>>> print(open('target05.csv').read())   # CSV, N, CA and C atoms
chain,number,residue,atom,x,y,z
A,133,MET,N,-105.7,148.1,156.4
A,133,MET,CA,-105.3,149.1,157.4
A,133,MET,C,-106.4,150.1,157.6
A,134,ARG,N,-106.8,150.4,158.8
A,134,ARG,CA,-107.8,151.4,159.0
A,134,ARG,C,-107.2,152.8,159.0
A,135,GLU,N,-108.0,153.7,158.4
A,135,GLU,CA,-107.6,155.1,158.4
A,135,GLU,C,-107.5,155.7,159.8
A,136,TRP,N,-106.6,156.7,160.0
A,136,TRP,CA,-106.4,157.2,161.3
A,136,TRP,C,-107.7,157.8,162.0
A,137,TRP,N,-108.5,158.3,161.2
A,137,TRP,CA,-109.7,159.0,161.8
A,137,TRP,C,-110.8,158.0,162.2
A,138,THR,N,-110.6,156.7,161.9
A,138,THR,CA,-111.6,155.7,162.3
A,138,THR,C,-111.1,155.0,163.6
A,139,LYS,N,-110.0,155.5,164.2
A,139,LYS,CA,-109.5,154.9,165.4
A,139,LYS,C,-109.8,155.9,166.6
A,140,PRO,N,-110.7,155.5,167.5
A,140,PRO,CA,-111.1,156.3,168.6
A,140,PRO,C,-110.0,156.9,169.4
A,141,GLU,N,-108.9,156.1,169.6
A,141,GLU,CA,-107.8,156.5,170.4
A,141,GLU,C,-107.1,157.8,169.9
A,142,ASN,N,-107.3,158.1,168.6
A,142,ASN,CA,-106.7,159.3,168.0
A,142,ASN,C,-107.5,160.6,168.4
A,143,PHE,N,-108.6,160.4,169.1
A,143,PHE,CA,-109.4,161.5,169.5
A,143,PHE,C,-109.4,161.7,171.0
A,144,ASN,N,-108.7,160.8,171.7
A,144,ASN,CA,-108.6,160.9,173.1
A,144,ASN,C,-107.6,162.0,173.5
A,145,ALA,N,-107.9,162.8,174.5
A,145,ALA,CA,-107.0,163.8,175.0
A,145,ALA,C,-106.5,164.7,173.9
A,146,PRO,N,-107.3,165.5,173.3
A,146,PRO,CA,-106.8,166.4,172.2
A,146,PRO,C,-105.8,167.4,172.7
A,147,LEU,N,-104.8,167.7,171.9
A,147,LEU,CA,-103.8,168.7,172.2
A,147,LEU,C,-104.4,170.1,172.1
A,148,VAL,N,-104.4,170.8,173.2
A,148,VAL,CA,-104.9,172.2,173.2
A,148,VAL,C,-103.9,173.1,173.7
A,149,PHE,N,-103.6,174.2,172.9
A,149,PHE,CA,-102.6,175.2,173.4
A,149,PHE,C,-102.9,176.5,172.7
A,150,TYR,N,-102.2,177.6,173.1
A,150,TYR,CA,-102.5,178.9,172.5
A,150,TYR,C,-101.2,179.4,171.8
A,151,LEU,N,-101.4,180.0,170.7
A,151,LEU,CA,-100.4,180.6,169.9
A,151,LEU,C,-100.6,182.1,169.8
A,152,GLU,N,-99.5,182.8,169.8
A,152,GLU,CA,-99.6,184.3,169.5
A,152,GLU,C,-99.8,184.4,168.0
A,153,GLU,N,-100.5,185.5,167.7
A,153,GLU,CA,-100.9,185.7,166.3
A,153,GLU,C,-99.8,185.6,165.3
A,154,GLU,N,-98.7,186.2,165.7
A,154,GLU,CA,-97.5,186.2,164.8
A,154,GLU,C,-97.0,184.7,164.5
A,155,LEU,N,-97.0,183.9,165.5
A,155,LEU,CA,-96.5,182.5,165.2
A,155,LEU,C,-97.6,181.7,164.5
A,156,GLU,N,-98.9,182.0,164.7
A,156,GLU,CA,-99.9,181.4,163.9
A,156,GLU,C,-99.8,181.7,162.4
A,157,GLN,N,-99.4,183.0,162.1
A,157,GLN,CA,-99.2,183.4,160.7
A,157,GLN,C,-98.1,182.7,160.1
A,158,ILE,N,-97.0,182.5,160.9
A,158,ILE,CA,-95.8,181.8,160.4
A,158,ILE,C,-96.1,180.4,160.1
A,159,ILE,N,-96.8,179.7,161.0
A,159,ILE,CA,-97.1,178.3,160.8
A,159,ILE,C,-98.2,178.0,159.7
A,160,PHE,N,-99.3,178.7,159.9
A,160,PHE,CA,-100.5,178.4,159.1
A,160,PHE,C,-100.7,179.3,157.9
A,161,GLY,N,-99.9,180.4,157.8
A,161,GLY,CA,-100.0,181.3,156.7
A,161,GLY,C,-101.1,182.3,156.8
A,162,GLN,N,-101.1,183.4,156.0
A,162,GLN,CA,-102.1,184.4,156.0
A,162,GLN,C,-103.4,183.7,155.6
A,163,GLY,N,-104.5,184.0,156.4
A,163,GLY,CA,-105.8,183.4,156.1
A,163,GLY,C,-105.8,181.9,156.2
A,164,ASP,N,-104.8,181.4,157.0
A,164,ASP,CA,-104.7,179.9,157.2
A,164,ASP,C,-104.4,179.1,155.9
A,165,ARG,N,-103.7,179.8,155.1
A,165,ARG,CA,-103.4,179.2,153.7
A,165,ARG,C,-102.8,177.8,153.8
A,166,TYR,N,-102.0,177.5,154.8
A,166,TYR,CA,-101.4,176.1,154.9
A,166,TYR,C,-102.1,175.2,155.8
A,167,LEU,N,-103.2,175.6,156.4
A,167,LEU,CA,-103.8,174.7,157.4
A,167,LEU,C,-104.2,173.4,156.8
A,168,ARG,N,-104.9,173.4,155.6
A,168,ARG,CA,-105.4,172.1,155.0
A,168,ARG,C,-104.2,171.2,154.7
A,169,CYS,N,-103.1,171.7,154.1
A,169,CYS,CA,-102.0,170.8,153.7
A,169,CYS,C,-101.3,170.3,155.0
A,170,ILE,N,-101.2,171.1,156.0
A,170,ILE,CA,-100.6,170.6,157.3
A,170,ILE,C,-101.5,169.5,157.9
A,171,GLU,N,-102.8,169.6,157.8
A,171,GLU,CA,-103.7,168.6,158.3
A,171,GLU,C,-103.5,167.3,157.5
A,172,GLU,N,-103.5,167.4,156.2
A,172,GLU,CA,-103.4,166.3,155.3
A,172,GLU,C,-102.1,165.6,155.5
A,173,HIS,N,-101.0,166.3,155.6
A,173,HIS,CA,-99.7,165.7,155.6
A,173,HIS,C,-99.3,165.2,157.0
A,174,SER,N,-100.0,165.7,158.1
A,174,SER,CA,-99.7,165.2,159.4
A,174,SER,C,-100.8,164.2,159.9
A,175,HIS,N,-101.8,164.0,159.1
A,175,HIS,CA,-102.9,163.1,159.5
A,175,HIS,C,-103.5,163.5,160.8
A,176,THR,N,-103.8,164.8,160.8
A,176,THR,CA,-104.5,165.4,162.0
A,176,THR,C,-105.6,166.3,161.6
A,177,LEU,N,-106.5,166.7,162.5
A,177,LEU,CA,-107.5,167.7,162.3
A,177,LEU,C,-107.1,168.8,163.3
A,178,ILE,N,-107.1,170.0,162.8
A,178,ILE,CA,-106.6,171.2,163.6
A,178,ILE,C,-107.7,172.2,163.5
A,179,GLN,N,-108.1,172.7,164.7
A,179,GLN,CA,-109.1,173.8,164.8
A,179,GLN,C,-108.4,175.0,165.4
A,180,LEU,N,-108.6,176.1,164.7
A,180,LEU,CA,-108.0,177.4,165.1
A,180,LEU,C,-109.2,178.3,165.5
A,181,GLU,N,-109.1,178.9,166.7
A,181,GLU,CA,-110.1,179.8,167.2
A,181,GLU,C,-109.4,181.0,167.7
A,182,SER,N,-109.7,182.2,167.1
A,182,SER,CA,-109.2,183.4,167.6
A,182,SER,C,-109.7,183.8,168.9
A,183,TRP,N,-108.9,184.3,169.8
A,183,TRP,CA,-109.3,184.8,171.1
A,183,TRP,C,-109.0,186.2,171.2
A,184,PHE,N,-109.9,187.0,171.7
A,184,PHE,CA,-109.7,188.4,171.8
A,184,PHE,C,-108.9,188.8,173.0
A,185,THR,N,-107.6,188.8,172.9
A,185,THR,CA,-106.7,189.1,174.0
A,185,THR,C,-105.8,190.3,173.5
A,186,VAL,N,-105.1,190.9,174.4
A,186,VAL,CA,-104.2,192.0,174.0
A,186,VAL,C,-103.1,191.5,173.0
A,187,THR,N,-102.6,190.3,173.1
A,187,THR,CA,-101.6,189.8,172.2
A,187,THR,C,-102.2,189.0,171.1
A,188,GLY,N,-103.5,188.9,171.0
A,188,GLY,CA,-104.1,188.2,169.8
A,188,GLY,C,-103.8,186.7,169.8
A,189,HIS,N,-104.0,186.0,170.9
A,189,HIS,CA,-103.8,184.6,170.9
A,189,HIS,C,-104.8,183.8,170.1
A,190,THR,N,-104.4,182.7,169.6
A,190,THR,CA,-105.3,181.8,168.9
A,190,THR,C,-105.3,180.4,169.7
A,191,ARG,N,-106.5,179.9,170.0
A,191,ARG,CA,-106.5,178.6,170.6
A,191,ARG,C,-106.5,177.6,169.5
A,192,VAL,N,-105.6,176.6,169.7
A,192,VAL,CA,-105.4,175.6,168.7
A,192,VAL,C,-105.7,174.2,169.4
A,193,THR,N,-106.6,173.5,168.7
A,193,THR,CA,-106.9,172.1,169.1
A,193,THR,C,-106.5,171.1,168.0
A,194,VAL,N,-105.8,170.1,168.4
A,194,VAL,CA,-105.3,169.1,167.5
A,194,VAL,C,-105.7,167.7,167.9
A,195,VAL,N,-106.3,167.0,167.0
A,195,VAL,CA,-106.6,165.6,167.2
A,195,VAL,C,-105.9,164.8,166.1
A,196,GLY,N,-105.6,163.5,166.4
A,196,GLY,CA,-104.9,162.7,165.4
A,196,GLY,C,-104.0,161.7,166.2
A,197,PRO,N,-103.2,161.0,165.4
A,197,PRO,CA,-102.3,160.1,166.1
A,197,PRO,C,-101.4,160.8,167.0
A,198,PRO,N,-101.1,160.2,168.2
A,198,PRO,CA,-100.3,160.9,169.2
A,198,PRO,C,-98.9,161.3,168.7
A,199,LEU,N,-98.2,160.5,167.9
A,199,LEU,CA,-96.9,160.9,167.5
A,199,LEU,C,-97.0,162.1,166.5
A,200,ALA,N,-98.1,162.2,165.7
A,200,ALA,CA,-98.2,163.3,164.8
A,200,ALA,C,-98.5,164.6,165.6
A,201,ARG,N,-99.3,164.5,166.7
A,201,ARG,CA,-99.6,165.6,167.5
A,201,ARG,C,-98.3,166.1,168.2
A,202,GLN,N,-97.5,165.1,168.6
A,202,GLN,CA,-96.2,165.5,169.3
A,202,GLN,C,-95.3,166.1,168.3
A,203,TRP,N,-95.3,165.7,167.1
A,203,TRP,CA,-94.5,166.2,166.0
A,203,TRP,C,-94.9,167.7,165.8
A,204,LEU,N,-96.2,168.0,165.7
A,204,LEU,CA,-96.6,169.3,165.5
A,204,LEU,C,-96.2,170.2,166.7
A,205,MET,N,-96.4,169.7,167.9
A,205,MET,CA,-96.0,170.5,169.0
A,205,MET,C,-94.5,170.8,169.0
A,206,GLY,N,-93.7,169.8,168.5
A,206,GLY,CA,-92.3,170.0,168.3
A,206,GLY,C,-91.9,171.2,167.4
A,207,ILE,N,-92.7,171.3,166.3
A,207,ILE,CA,-92.4,172.5,165.5
A,207,ILE,C,-92.6,173.8,166.2
A,208,ILE,N,-93.7,173.9,167.0
A,208,ILE,CA,-94.0,175.1,167.7
A,208,ILE,C,-93.0,175.3,168.8
A,209,TRP,N,-92.6,174.3,169.5
A,209,TRP,CA,-91.6,174.5,170.6
A,209,TRP,C,-90.3,175.0,170.0
A,210,LEU,N,-89.9,174.4,168.8
A,210,LEU,CA,-88.6,174.8,168.2
A,210,LEU,C,-88.7,176.2,167.7
A,211,LEU,N,-89.8,176.6,167.0
A,211,LEU,CA,-90.0,178.0,166.5
A,211,LEU,C,-90.0,179.0,167.6
A,212,GLU,N,-90.4,178.7,168.8
A,212,GLU,CA,-90.5,179.6,169.9
A,212,GLU,C,-89.1,179.6,170.7
A,213,HIS,N,-88.2,178.7,170.4
A,213,HIS,CA,-87.0,178.6,171.2
A,213,HIS,C,-86.1,179.8,170.9
A,214,ARG,N,-85.4,180.2,171.9
A,214,ARG,CA,-84.5,181.4,171.8
A,214,ARG,C,-83.2,181.1,171.0
A,215,ASN,N,-82.8,179.8,170.9
A,215,ASN,CA,-81.6,179.4,170.2
A,215,ASN,C,-81.9,179.4,168.7
A,216,PHE,N,-81.2,180.1,167.9
A,216,PHE,CA,-81.4,180.1,166.4
A,216,PHE,C,-81.3,178.7,165.8
A,217,HIS,N,-80.4,177.9,166.3
A,217,HIS,CA,-80.2,176.5,165.8
A,217,HIS,C,-81.6,175.7,165.8
A,218,TYR,N,-82.2,175.9,167.0
A,218,TYR,CA,-83.5,175.2,167.2
A,218,TYR,C,-84.6,175.8,166.3
A,219,GLN,N,-84.6,177.1,166.2
A,219,GLN,CA,-85.6,177.8,165.4
A,219,GLN,C,-85.4,177.4,163.9
A,220,ALA,N,-84.2,177.2,163.5
A,220,ALA,CA,-84.0,176.8,162.1
A,220,ALA,C,-84.5,175.4,161.9
A,221,GLY,N,-84.3,174.5,162.9
A,221,GLY,CA,-84.9,173.2,162.8
A,221,GLY,C,-86.4,173.2,162.7
A,222,GLY,N,-87.0,174.1,163.5
A,222,GLY,CA,-88.5,174.3,163.4
A,222,GLY,C,-88.9,174.7,162.0
A,223,TYR,N,-88.2,175.7,161.4
A,223,TYR,CA,-88.6,176.1,160.1
A,223,TYR,C,-88.4,175.0,159.0
A,224,GLN,N,-87.4,174.2,159.2
A,224,GLN,CA,-87.1,173.0,158.3
A,224,GLN,C,-88.3,172.0,158.4
A,225,MET,N,-88.7,171.8,159.7
A,225,MET,CA,-89.8,170.8,159.9
A,225,MET,C,-91.1,171.4,159.2
A,226,LEU,N,-91.3,172.7,159.4
A,226,LEU,CA,-92.5,173.4,158.8
A,226,LEU,C,-92.5,173.3,157.3
A,227,GLN,N,-91.4,173.5,156.7
A,227,GLN,CA,-91.3,173.4,155.2
A,227,GLN,C,-91.6,172.0,154.8
A,228,SER,N,-91.1,171.0,155.5
A,228,SER,CA,-91.3,169.6,155.2
A,228,SER,C,-92.8,169.3,155.3
A,229,ILE,N,-93.4,169.6,156.3
A,229,ILE,CA,-94.9,169.3,156.5
A,229,ILE,C,-95.7,170.0,155.5
A,230,ARG,N,-95.3,171.1,155.0
A,230,ARG,CA,-96.1,171.8,154.0
A,230,ARG,C,-95.9,171.1,152.6
A,231,SER,N,-94.8,170.4,152.4
A,231,SER,CA,-94.6,169.9,151.1
A,231,SER,C,-94.8,168.4,150.9
A,232,GLN,N,-94.8,167.6,152.0
A,232,GLN,CA,-94.9,166.2,151.9
A,232,GLN,C,-95.5,165.6,153.2
A,233,PRO,N,-96.1,164.4,153.1
A,233,PRO,CA,-96.7,163.7,154.3
A,233,PRO,C,-95.6,163.3,155.2
A,234,LEU,N,-95.9,163.3,156.5
A,234,LEU,CA,-95.0,162.8,157.5
A,234,LEU,C,-94.6,161.3,157.3
A,235,THR,N,-93.4,161.0,157.6
A,235,THR,CA,-93.0,159.6,157.5
A,235,THR,C,-92.6,159.1,158.9
A,236,LYS,N,-92.4,157.8,159.1
A,236,LYS,CA,-92.0,157.3,160.4
A,236,LYS,C,-90.6,157.9,160.7
A,237,LYS,N,-89.8,158.1,159.7
A,237,LYS,CA,-88.4,158.7,159.9
A,237,LYS,C,-88.6,160.1,160.5
A,238,ASP,N,-89.5,160.9,159.9
A,238,ASP,CA,-89.7,162.2,160.4
A,238,ASP,C,-90.1,162.2,161.9
A,239,LEU,N,-91.0,161.3,162.2
A,239,LEU,CA,-91.5,161.2,163.6
A,239,LEU,C,-90.4,160.8,164.6
A,240,ALA,N,-89.6,159.9,164.2
A,240,ALA,CA,-88.4,159.5,165.0
A,240,ALA,C,-87.4,160.6,165.2
A,241,ALA,N,-87.1,161.3,164.1
A,241,ALA,CA,-86.2,162.4,164.1
A,241,ALA,C,-86.7,163.5,165.0
A,242,SER,N,-88.0,163.8,164.9
A,242,SER,CA,-88.6,164.9,165.7
A,242,SER,C,-88.4,164.5,167.2
A,243,LEU,N,-88.7,163.3,167.6
A,243,LEU,CA,-88.6,162.9,169.0
A,243,LEU,C,-87.2,163.1,169.5
A,244,SER,N,-86.2,162.7,168.7
A,244,SER,CA,-84.8,162.9,169.0
A,244,SER,C,-84.4,164.4,169.2
A,245,VAL,N,-84.9,165.2,168.3
A,245,VAL,CA,-84.6,166.7,168.4
A,245,VAL,C,-85.2,167.2,169.7
A,246,GLN,N,-86.5,166.9,169.9
A,246,GLN,CA,-87.2,167.4,171.1
A,246,GLN,C,-86.5,167.0,172.4
A,247,LEU,N,-86.1,165.7,172.5
A,247,LEU,CA,-85.4,165.2,173.7
A,247,LEU,C,-84.1,166.0,173.9
A,248,ASP,N,-83.4,166.2,172.8
A,248,ASP,CA,-82.1,166.9,172.8
A,248,ASP,C,-82.3,168.3,173.3
A,249,SER,N,-83.3,169.0,172.8
A,249,SER,CA,-83.6,170.4,173.1
A,249,SER,C,-84.1,170.5,174.5
A,250,VAL,N,-84.8,169.5,175.1
A,250,VAL,CA,-85.2,169.6,176.5
A,250,VAL,C,-84.0,169.5,177.4
A,251,VAL,N,-83.0,168.7,177.0
A,251,VAL,CA,-81.8,168.6,177.8
A,251,VAL,C,-81.0,170.0,177.7
A,252,VAL,N,-80.9,170.5,176.5
A,252,VAL,CA,-80.3,171.8,176.4
A,252,VAL,C,-81.0,172.9,177.2
A,253,LYS,N,-82.3,172.9,177.1
A,253,LYS,CA,-83.1,173.9,177.9
A,253,LYS,C,-82.9,173.7,179.4
A,254,GLY,N,-82.8,172.5,179.8
A,254,GLY,CA,-82.6,172.3,181.2
A,254,GLY,C,-81.3,172.9,181.7
A,255,TYR,N,-80.2,172.8,180.9
A,255,TYR,CA,-78.9,173.4,181.3
A,255,TYR,C,-79.0,174.9,181.2
A,256,GLN,N,-79.8,175.5,180.3
A,256,GLN,CA,-79.9,176.9,180.2
A,256,GLN,C,-80.6,177.5,181.4
A,257,ASN,N,-81.5,176.7,182.0
A,257,ASN,CA,-82.3,177.2,183.1
A,257,ASN,C,-81.5,177.2,184.4
A,258,GLU,N,-80.4,176.5,184.5
A,258,GLU,CA,-79.6,176.4,185.7
A,258,GLU,C,-78.8,177.6,186.0
>>> encode(input="target05.csv", output="structure tokens")
Amino acid sequence: MREWWTKPENFNAPLVFYLEEELEQIIFGQGDRYLRCIEEHSHTLIQLESWFTVTGHTRVTVVGPPLARQWLMGIIWLLEHRNFHYQAGGYQMLQSIRSQPLTKKDLAASLSVQLDSVVVKGYQNE
């Protein structure tokens, strides 16, 4: 089996987004303490670039398997959600990725939670 970083498709269309400084600290820790273990456990490469804005945004670029990128975006979406239930799910996912590698079960559960939360968000916006 080829390692994920030897597959060109894992580098197509990098995931690029901006995080507020506070959320960056929550996810990656002070001084990016958890960055390396999150990369290792999610089979991704993550680049953090500080941007000098009023709110202190960080530009985040993620490459790796598409499902792993989606899983990481799910953590962020859940942590930013106004509903405490979803935020708690985001914290649970964050603790999991810091302590162990992602499994296929994790990826499937994440997709389910994200789809569920999109439906809930849709009703909240009406």
>>> residues_around(input="target05.csv", residues="Phe143 (chain A)", least_positions_apart="5", cutoff="12 Å", atoms="only C-alpha atoms", output="PyMOL selection string")
chain A and resi 136-138+176-178+193-198+201
>>> write_last_selection(input="target05.csv", atoms="N, CA and C atoms", output="compact mmCIF listing (two decimals), in the coordinates of the input")
# COMPACT_ATOMS: atom_id res chain seq x y z
N TRP A 136 -106.60 156.70 160.00
CA TRP A 136 -106.40 157.20 161.30
C TRP A 136 -107.70 157.80 162.00
N TRP A 137 -108.50 158.30 161.20
CA TRP A 137 -109.70 159.00 161.80
C TRP A 137 -110.80 158.00 162.20
N THR A 138 -110.60 156.70 161.90
CA THR A 138 -111.60 155.70 162.30
C THR A 138 -111.10 155.00 163.60
N THR A 176 -103.80 164.80 160.80
CA THR A 176 -104.50 165.40 162.00
C THR A 176 -105.60 166.30 161.60
N LEU A 177 -106.50 166.70 162.50
CA LEU A 177 -107.50 167.70 162.30
C LEU A 177 -107.10 168.80 163.30
N ILE A 178 -107.10 170.00 162.80
CA ILE A 178 -106.60 171.20 163.60
C ILE A 178 -107.70 172.20 163.50
N THR A 193 -106.60 173.50 168.70
CA THR A 193 -106.90 172.10 169.10
C THR A 193 -106.50 171.10 168.00
N VAL A 194 -105.80 170.10 168.40
CA VAL A 194 -105.30 169.10 167.50
C VAL A 194 -105.70 167.70 167.90
N VAL A 195 -106.30 167.00 167.00
CA VAL A 195 -106.60 165.60 167.20
C VAL A 195 -105.90 164.80 166.10
N GLY A 196 -105.60 163.50 166.40
CA GLY A 196 -104.90 162.70 165.40
C GLY A 196 -104.00 161.70 166.20
N PRO A 197 -103.20 161.00 165.40
CA PRO A 197 -102.30 160.10 166.10
C PRO A 197 -101.40 160.80 167.00
N PRO A 198 -101.10 160.20 168.20
CA PRO A 198 -100.30 160.90 169.20
C PRO A 198 -98.90 161.30 168.70
N ARG A 201 -99.30 164.50 166.70
CA ARG A 201 -99.60 165.60 167.50
C ARG A 201 -98.30 166.10 168.20
>>> closest_residue(input="target05.csv", among="A:Leu151, A:Ala145, A:Met225, A:Cys169", to="Trp203 (chain A)", atoms="only C-alpha atoms")
A:Met225
>>> select_by_dssp(input="target05.csv", residues="chain A", states="strand (DSSP E or B)", output="ChimeraX atom specification")
/A:147-151,177-182,190-195
>>> select_by_dssp(input="target05.csv", residues="chain A", states="helix (DSSP H, G or I)", output="number ranges by chain")
A: 136-138, 140-143, 153-160, 162-164, 167-174, 198-212, 216-231, 236-256
>>> atom_distance(input="target05.csv", atom1="atom C of Gln162 (chain A)", atom2="atom N of Ser182 (chain A)")
13.2 Å
>>> atom_distance(input="target05.csv", atom1="CA of Ala200 (chain A)", atom2="CA of Leu234 (chain A)")
8.0 Å
>>> atom_distance(input="target05.csv", atom1="atom N of Glu154 (chain A)", atom2="atom C of Gly188 (chain A)")
6.6 Å
>>> closest_residue(input="target05.csv", among="A:Met205, A:Leu239, A:Leu210, A:Leu199", to="Asn142 (chain A)", atoms="only C-alpha atoms")
A:Leu199
